[in-house]
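Written below as structure tokens is the structure these notes are about.
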Amino acid sequence: MNPRIEGFATGLQLAFQGTVCEWLEKHVRLPHSARSVEFDRGMARFLNPILDACGDLNVRQIVVVAPTGGGKTTLLELLVPFVIAQAPGPMLIAGQTDETAKEWLESRLMPELEAIEPVRALFPKDRHAKRKTEILFPHMPLFVGGANWTNLQEKSMRYCYGDECWRWKRGMIGELKKRHHDRWNRLTILVSQGSDEDDDFHEAFVSGDQGEYGFACPDCRSWQGYRWSSVKYDEAKLPSGEWDWGTIARSVRYECVVCARAFPNTDATRRLLSDAAGYRPGNANAIEGNRSFRYPAMAVWWISWADLALEWIKAQDAKRAGDVLPLKQFIQKRLAGFWKDQEEAPHARLIGSAYSVLDYTDGQPWDGEFYRFLTVDKQRDHFWAVVRAWKADGSSRALWAGKLLTFESIRELQQRMKVKDGLTLLDAQYDTPLVYEQCARFGWTALHGSGEAGFKHYRKKGSPETRLYSTVHEARLGLGGACRYIFWANEGVKDKLSQLRSGQGHAWEVAHDIGDDYFAQIDSEVKREIVNKTTKAVAIRWVRIRPNHLWDCEAMQVAVAYMLRVLGAGAVESPSSLPASPILTAA
Ligand SMILES: [Zn+2]
């Protein structure tokens, strides 16, 4: 039945014409809130679009991945009174266990509902209609309980709300959704911290539009998703070798991925960023009516970035000692991310995006494109190459990947794909003189992957900065030619590539039909602990487990993106306030 008719049948006044948030602002008080008693839209902005989506009759499913301490319970406590007073229908709230659900209904929800005038007026007169696990309003029943077979059977619901689904047994989300009995106005809402990749909750999230929470930098106006990699700190240690927690905590800041402006870790700054924040969908192929939202703890202004940084450092220490659980918890509970068990840092299974290499066979531009690089890995008698287009905000799209046989075929690909000479880059680690000669001939740039952690860049003012790439060198060849070459830091660049591949960084797209070689080779390196035979020192290094040429080509792409500053500042140590100074001629 149409909700307005359902309401009409029970004599309910559904006259309110505004959004869910507007109604909440008018009527709701939150007696348990530590921050604000009245509902205030400026308080937890990441909840507003979710609440408004709950009032949209075109939406059938809402999935929210949220950090612990980030307002998950508040979301439910805001939604329930709205449903009761403005969009009624049978509602089932499935929490973790019957006990926790009962406790929540009694101690939190009931006092809240009784304090909201339009809801109190609707309370059943019969006191037996209020029980430990249900309230039978005259116009709708409200049930709460654990996510178990008993609670998820029989009843027919307009609203099914699943809470902390990461703990649910496989199949329970499906059971919950069956309770809708295919009502036209059904709404499933699933809210949880991050779970394991490929579980039911993750699948539900992926089926939606995957709204990612981000903000526009107050300085350069660039929109960016909140990223853990943007939280920077000084890795300070005491003379004893222990972490210097005080110094680390004081150094924590958040850095804009575009202009590298560092925002200090204060309540005021975190709120300032949150005031300019919102969701951007990350999946153009969402199932119609499925919305999904994800925000990490960095976006929750009342959570200090320093607390997060300390947790992160401890989790990294634990991982080095062989215990990966703290890192998993950090990713799921703090970053609201999905975890995949692996022998290396978590990364998502790479799936192609919804575009084709055929869209770019003649070098067609990508909308908003800023740079296009062709990177080439040289083997003994053939080459592997990747063409990738980059936007100024660091997002990128692979347009071509494959094998080539001669320098002339590299040239042919470069011209067909409309890549500039200087932005065609060849790995010169092997056959260096020959690669240099060909680079000089065509105006290409030579690259050398290096085991160095970084390279010093001297500035007019201040101390030198260490970056993931060297300054430009020039080799004079016989016959008057010259070749430009640059070193890049293997470990740091591959860490970044791994982050991009895992979906934890800027949008990093791969055409769905880019080819099997690509998908096989892009997963070709893992991080492993390597013991130095002489010094016995342990280091974590990227190690090849199968042919890795296209992975190397993508690493070179990342290195060049740093050089041209489409990917942050590429600084290894100190925060950078350098103006952009492209070191490659984009001629
Ligand atoms: Zn900025």
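Every chain in the structure tokens takes a letter, A first, then B, and so on in the order presented; its residues are numbered from 1, and the ligands are numbered from 1 following the presented order.
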**Study point:** Within 12 Å of ligand 1 (only C-alpha atoms and all ligand atoms), residues as a PyMOL selection string
**Key:** chain A and resi 215-224+230+254-263+273+392-393+566-569+577+579
Review point. So, counting only C-alpha atoms, which residue among A:Leu78, A:Ile540, A:Ile173, A:Val28 is closest to Ala115 of chain A?
Key: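 Using only C-alpha atoms, Ala115 of chain A sits closest to A:Val28.
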**Study point:** Using only C-alpha atoms: which of A:Arg45, A:His448, A:Arg476, A:Arg541 has the shortest distance to Ala299 of chain A
**Key:** A:Arg45
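Taking only C-alpha atoms, the non-local environment of Phe519 of chain A within 12 Å (same-chain residues fewer than 4 positions away omitted) comprises Arg349, Leu350, Ile351, Gly352, Ala401, Gly402, Arg501, Val510, Ala511, His512, Asp513, Ile514, Gly515, Asp523, Ser524, Arg546, Pro547, Asn548, His549, Leu550 and Trp551 of chain A.
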How would the residues just chosen look if you wrote them out with N, CA and C atoms as an mmCIF file, in the first residue's frame?
```cif
data_model
loop_
_atom_site.group_PDB
_atom_site.id
_atom_site.type_symbol
_atom_site.label_atom_id
_atom_site.label_comp_id
_atom_site.auth_asym_id
_atom_site.auth_seq_id
_atom_site.Cartn_x
_atom_site.Cartn_y
_atom_site.Cartn_z
ATOM 1 N N ARG A 349 40.176 -7.612 -4.840
ATOM 2 C CA ARG A 349 40.333 -8.315 -6.104
ATOM 3 C C ARG A 349 40.099 -7.288 -7.206
ATOM 4 N N LEU A 350 41.014 -7.255 -8.137
ATOM 5 C CA LEU A 350 40.905 -6.231 -9.161
ATOM 6 C C LEU A 350 39.864 -6.634 -10.193
ATOM 7 N N ILE A 351 38.888 -5.799 -10.378
ATOM 8 C CA ILE A 351 37.927 -6.072 -11.433
ATOM 9 C C ILE A 351 37.910 -4.883 -12.372
ATOM 10 N N GLY A 352 37.699 -5.146 -13.619
ATOM 11 C CA GLY A 352 37.736 -4.080 -14.601
ATOM 12 C C GLY A 352 36.594 -3.093 -14.409
ATOM 13 N N ALA A 401 47.258 -1.961 -22.663
ATOM 14 C CA ALA A 401 48.330 -2.725 -22.025
ATOM 15 C C ALA A 401 48.641 -3.903 -22.909
ATOM 16 N N GLY A 402 49.929 -4.225 -23.054
ATOM 17 C CA GLY A 402 50.259 -5.384 -23.871
ATOM 18 C C GLY A 402 51.730 -5.469 -24.212
ATOM 19 N N ARG A 501 45.763 -0.037 -6.350
ATOM 20 C CA ARG A 501 45.169 -1.268 -6.841
ATOM 21 C C ARG A 501 44.105 -1.786 -5.885
ATOM 22 N N VAL A 510 40.763 0.297 -14.609
ATOM 23 C CA VAL A 510 41.309 -0.648 -15.571
ATOM 24 C C VAL A 510 40.166 -1.061 -16.499
ATOM 25 N N ALA A 511 40.382 -0.968 -17.812
ATOM 26 C CA ALA A 511 39.327 -1.365 -18.743
ATOM 27 C C ALA A 511 39.000 -2.844 -18.533
ATOM 28 N N HIS A 512 37.739 -3.178 -18.590
ATOM 29 C CA HIS A 512 37.354 -4.563 -18.308
ATOM 30 C C HIS A 512 37.925 -5.537 -19.329
ATOM 31 N N ASP A 513 38.232 -5.021 -20.535
ATOM 32 C CA ASP A 513 38.723 -5.907 -21.599
ATOM 33 C C ASP A 513 40.200 -5.662 -21.898
ATOM 34 N N ILE A 514 40.943 -5.253 -20.867
ATOM 35 C CA ILE A 514 42.349 -4.912 -21.105
ATOM 36 C C ILE A 514 43.203 -6.152 -21.360
ATOM 37 N N GLY A 515 42.676 -7.333 -21.050
ATOM 38 C CA GLY A 515 43.399 -8.570 -21.402
ATOM 39 C C GLY A 515 43.829 -9.378 -20.191
ATOM 40 N N ASP A 523 48.918 -8.701 -10.351
ATOM 41 C CA ASP A 523 48.955 -9.320 -9.024
ATOM 42 C C ASP A 523 50.248 -10.094 -8.823
ATOM 43 N N SER A 524 51.337 -9.604 -9.420
ATOM 44 C CA SER A 524 52.528 -10.438 -9.530
ATOM 45 C C SER A 524 53.533 -10.225 -8.419
ATOM 46 N N ARG A 546 55.447 -13.979 -9.869
ATOM 47 C CA ARG A 546 55.219 -14.471 -11.236
ATOM 48 C C ARG A 546 55.570 -13.319 -12.184
ATOM 49 N N PRO A 547 55.519 -13.512 -13.499
ATOM 50 C CA PRO A 547 55.921 -12.419 -14.404
ATOM 51 C C PRO A 547 55.236 -11.110 -14.013
ATOM 52 N N ASN A 548 56.045 -10.073 -13.947
ATOM 53 C CA ASN A 548 55.537 -8.845 -13.333
ATOM 54 C C ASN A 548 55.709 -7.623 -14.222
ATOM 55 N N HIS A 549 55.827 -7.817 -15.518
ATOM 56 C CA HIS A 549 56.195 -6.685 -16.385
ATOM 57 C C HIS A 549 55.150 -5.576 -16.389
ATOM 58 N N LEU A 550 53.887 -5.947 -16.451
ATOM 59 C CA LEU A 550 52.863 -4.892 -16.510
ATOM 60 C C LEU A 550 52.716 -4.204 -15.153
ATOM 61 N N TRP A 551 52.955 -4.968 -14.087
ATOM 62 C CA TRP A 551 53.005 -4.346 -12.748
ATOM 63 C C TRP A 551 54.121 -3.312 -12.702
#
```
Exercise for review: Step one, run DSSP on the backbone; step two, keep only residues of segment 415-579 of chain A assigned to strand (DSSP E); then write them as number ranges by chain.
Suggested key: A: 424-427, 445-450, 455-457, 465-467, 473-476, 482-489, 508-510, 525-531, 538-544
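For Tyr371 of chain A, the non-local neighbours within 9 Å, defined as residues at least 5 positions apart in the same chain or in other chains and counting only C-alpha atoms, are Arg388, Ala389, Trp390, Lys391, Ala392, Val419, Leu423, Ala561, Leu564, Val566 and Ala586 of chain A.
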**Study point:** Residues of segment 237-319 of chain A in alpha helix (DSSP H), written as a ChimeraX atom specification
**Key:** /A:245-251,267-275,305-319
For segment 115-174 of chain A versus segment 187-198 of chain A, which residues have an atom no more than 6 Å away, and what is each residue's nearest atom pair and distance in Å rounded to one decimal, using only C-alpha atoms, chain-then-number order, as JSON lines?
```
{"residue": "A:Tyr159", "atom": "CA", "partner": "A:Leu187", "partner_atom": "CA", "distance": 5.1}
{"residue": "A:Cys160", "atom": "CA", "partner": "A:Thr188", "partner_atom": "CA", "distance": 4.9}
{"residue": "A:Tyr161", "atom": "CA", "partner": "A:Ile189", "partner_atom": "CA", "distance": 4.7}
{"residue": "A:Gly162", "atom": "CA", "partner": "A:Leu190", "partner_atom": "CA", "distance": 4.6}
{"residue": "A:Asp163", "atom": "CA", "partner": "A:Val191", "partner_atom": "CA", "distance": 5.2}
{"residue": "A:Glu164", "atom": "CA", "partner": "A:Ser192", "partner_atom": "CA", "distance": 4.1}
{"residue": "A:Cys165", "atom": "CA", "partner": "A:Ser192", "partner_atom": "CA", "distance": 5.5}
{"residue": "A:Trp166", "atom": "CA", "partner": "A:Ser195", "partner_atom": "CA", "distance": 4.8}
```
Review point. Atom CA of Ala249 of chain A and atom CA of Lys237 of chain A, how far apart in Å?
Key: 11.9 Å
Review point. Hey, what's within 12 Å of Trp243 of chain A if we count only C-alpha atoms and toss same-chain stuff fewer than 3 positions away? As a PyMOL selection string, please?
Key: chain A and resi 234-240+246-249+310+313-314+317
Give me the residues near Asp377 of chain A as a compact mmCIF listing (two decimals) with N, CA and C atoms, in the first residue's frame, where near means some atom within 9 Å (using only C-alpha atoms) and where sequence neighbours in that chain fewer than 5 positions away do not count.
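After the write, around35.txt holds the following:
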```
# COMPACT_ATOMS: atom_id res chain seq x y z
N HIS A 382 61.72 -8.32 -26.32
CA HIS A 382 60.39 -7.70 -26.49
C HIS A 382 60.14 -6.69 -25.38
N PHE A 383 58.99 -6.06 -25.44
CA PHE A 383 58.65 -5.03 -24.45
C PHE A 383 57.24 -5.28 -23.92
N TRP A 384 56.97 -4.78 -22.72
CA TRP A 384 55.61 -4.69 -22.20
C TRP A 384 55.32 -3.21 -21.97
N ALA A 385 54.06 -2.80 -22.23
CA ALA A 385 53.78 -1.37 -22.13
C ALA A 385 52.37 -1.11 -21.61
N VAL A 386 52.22 0.03 -20.96
CA VAL A 386 50.91 0.47 -20.48
C VAL A 386 50.72 1.93 -20.86
N LEU A 425 57.98 6.82 -21.52
CA LEU A 425 59.08 6.54 -20.61
C LEU A 425 59.48 5.08 -20.67
N LEU A 426 60.77 4.85 -20.84
CA LEU A 426 61.27 3.49 -20.98
C LEU A 426 62.14 3.11 -19.80
N ASP A 427 61.94 1.90 -19.33
CA ASP A 427 62.81 1.35 -18.29
C ASP A 427 64.17 1.10 -18.91
N ALA A 428 65.21 1.67 -18.33
CA ALA A 428 66.55 1.56 -18.93
C ALA A 428 67.47 0.71 -18.08
N HIS A 549 55.83 -7.82 -15.52
CA HIS A 549 56.19 -6.69 -16.38
C HIS A 549 55.15 -5.58 -16.39
N LEU A 550 53.89 -5.95 -16.45
CA LEU A 550 52.86 -4.89 -16.51
C LEU A 550 52.72 -4.20 -15.15
N ASP A 552 55.29 -3.63 -13.31
CA ASP A 552 56.39 -2.67 -13.38
C ASP A 552 55.99 -1.45 -14.21
N CYS A 553 55.28 -1.68 -15.31
CA CYS A 553 54.84 -0.54 -16.14
C CYS A 553 53.92 0.37 -15.32
N MET A 556 55.89 2.42 -12.90
CA MET A 556 56.50 3.58 -13.56
C MET A 556 55.45 4.69 -13.77
```
Practice item. Would you work out the distance separating atom CA of Phe39 of chain A from atom CA of Thr19 of chain A, expressed in Å to one decimal? Key: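 Atom-to-atom, atom CA of Phe39 of chain A to atom CA of Thr19 of chain A, that is 13.7 Å.
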Exercise for review: Name the residues in contact with Asn58 of chain A at a cut-off of 9 Å, using only C-alpha atoms, excluding same-chain residues fewer than 5 positions from it; report them as a list in words.
Suggested key: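 Using only C-alpha atoms, the neighbours found are Ala53, Asn185, Glu288 and Gly289 of chain A.
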Practice item. Measure the distance from atom CA of His139 of chain A to atom CA of Leu105 of chain A in Å and round it to one decimal. Key: 19.0 Å
Check your understanding: Nearest to Asp381 of chain A among A:Phe455, A:Trp488, A:Tyr430, A:Tyr233, with distances taken over only C-alpha atoms: which residue is it?
Key ->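 That would be A:Tyr430, the residue with the smallest distance to Asp381 of chain A.
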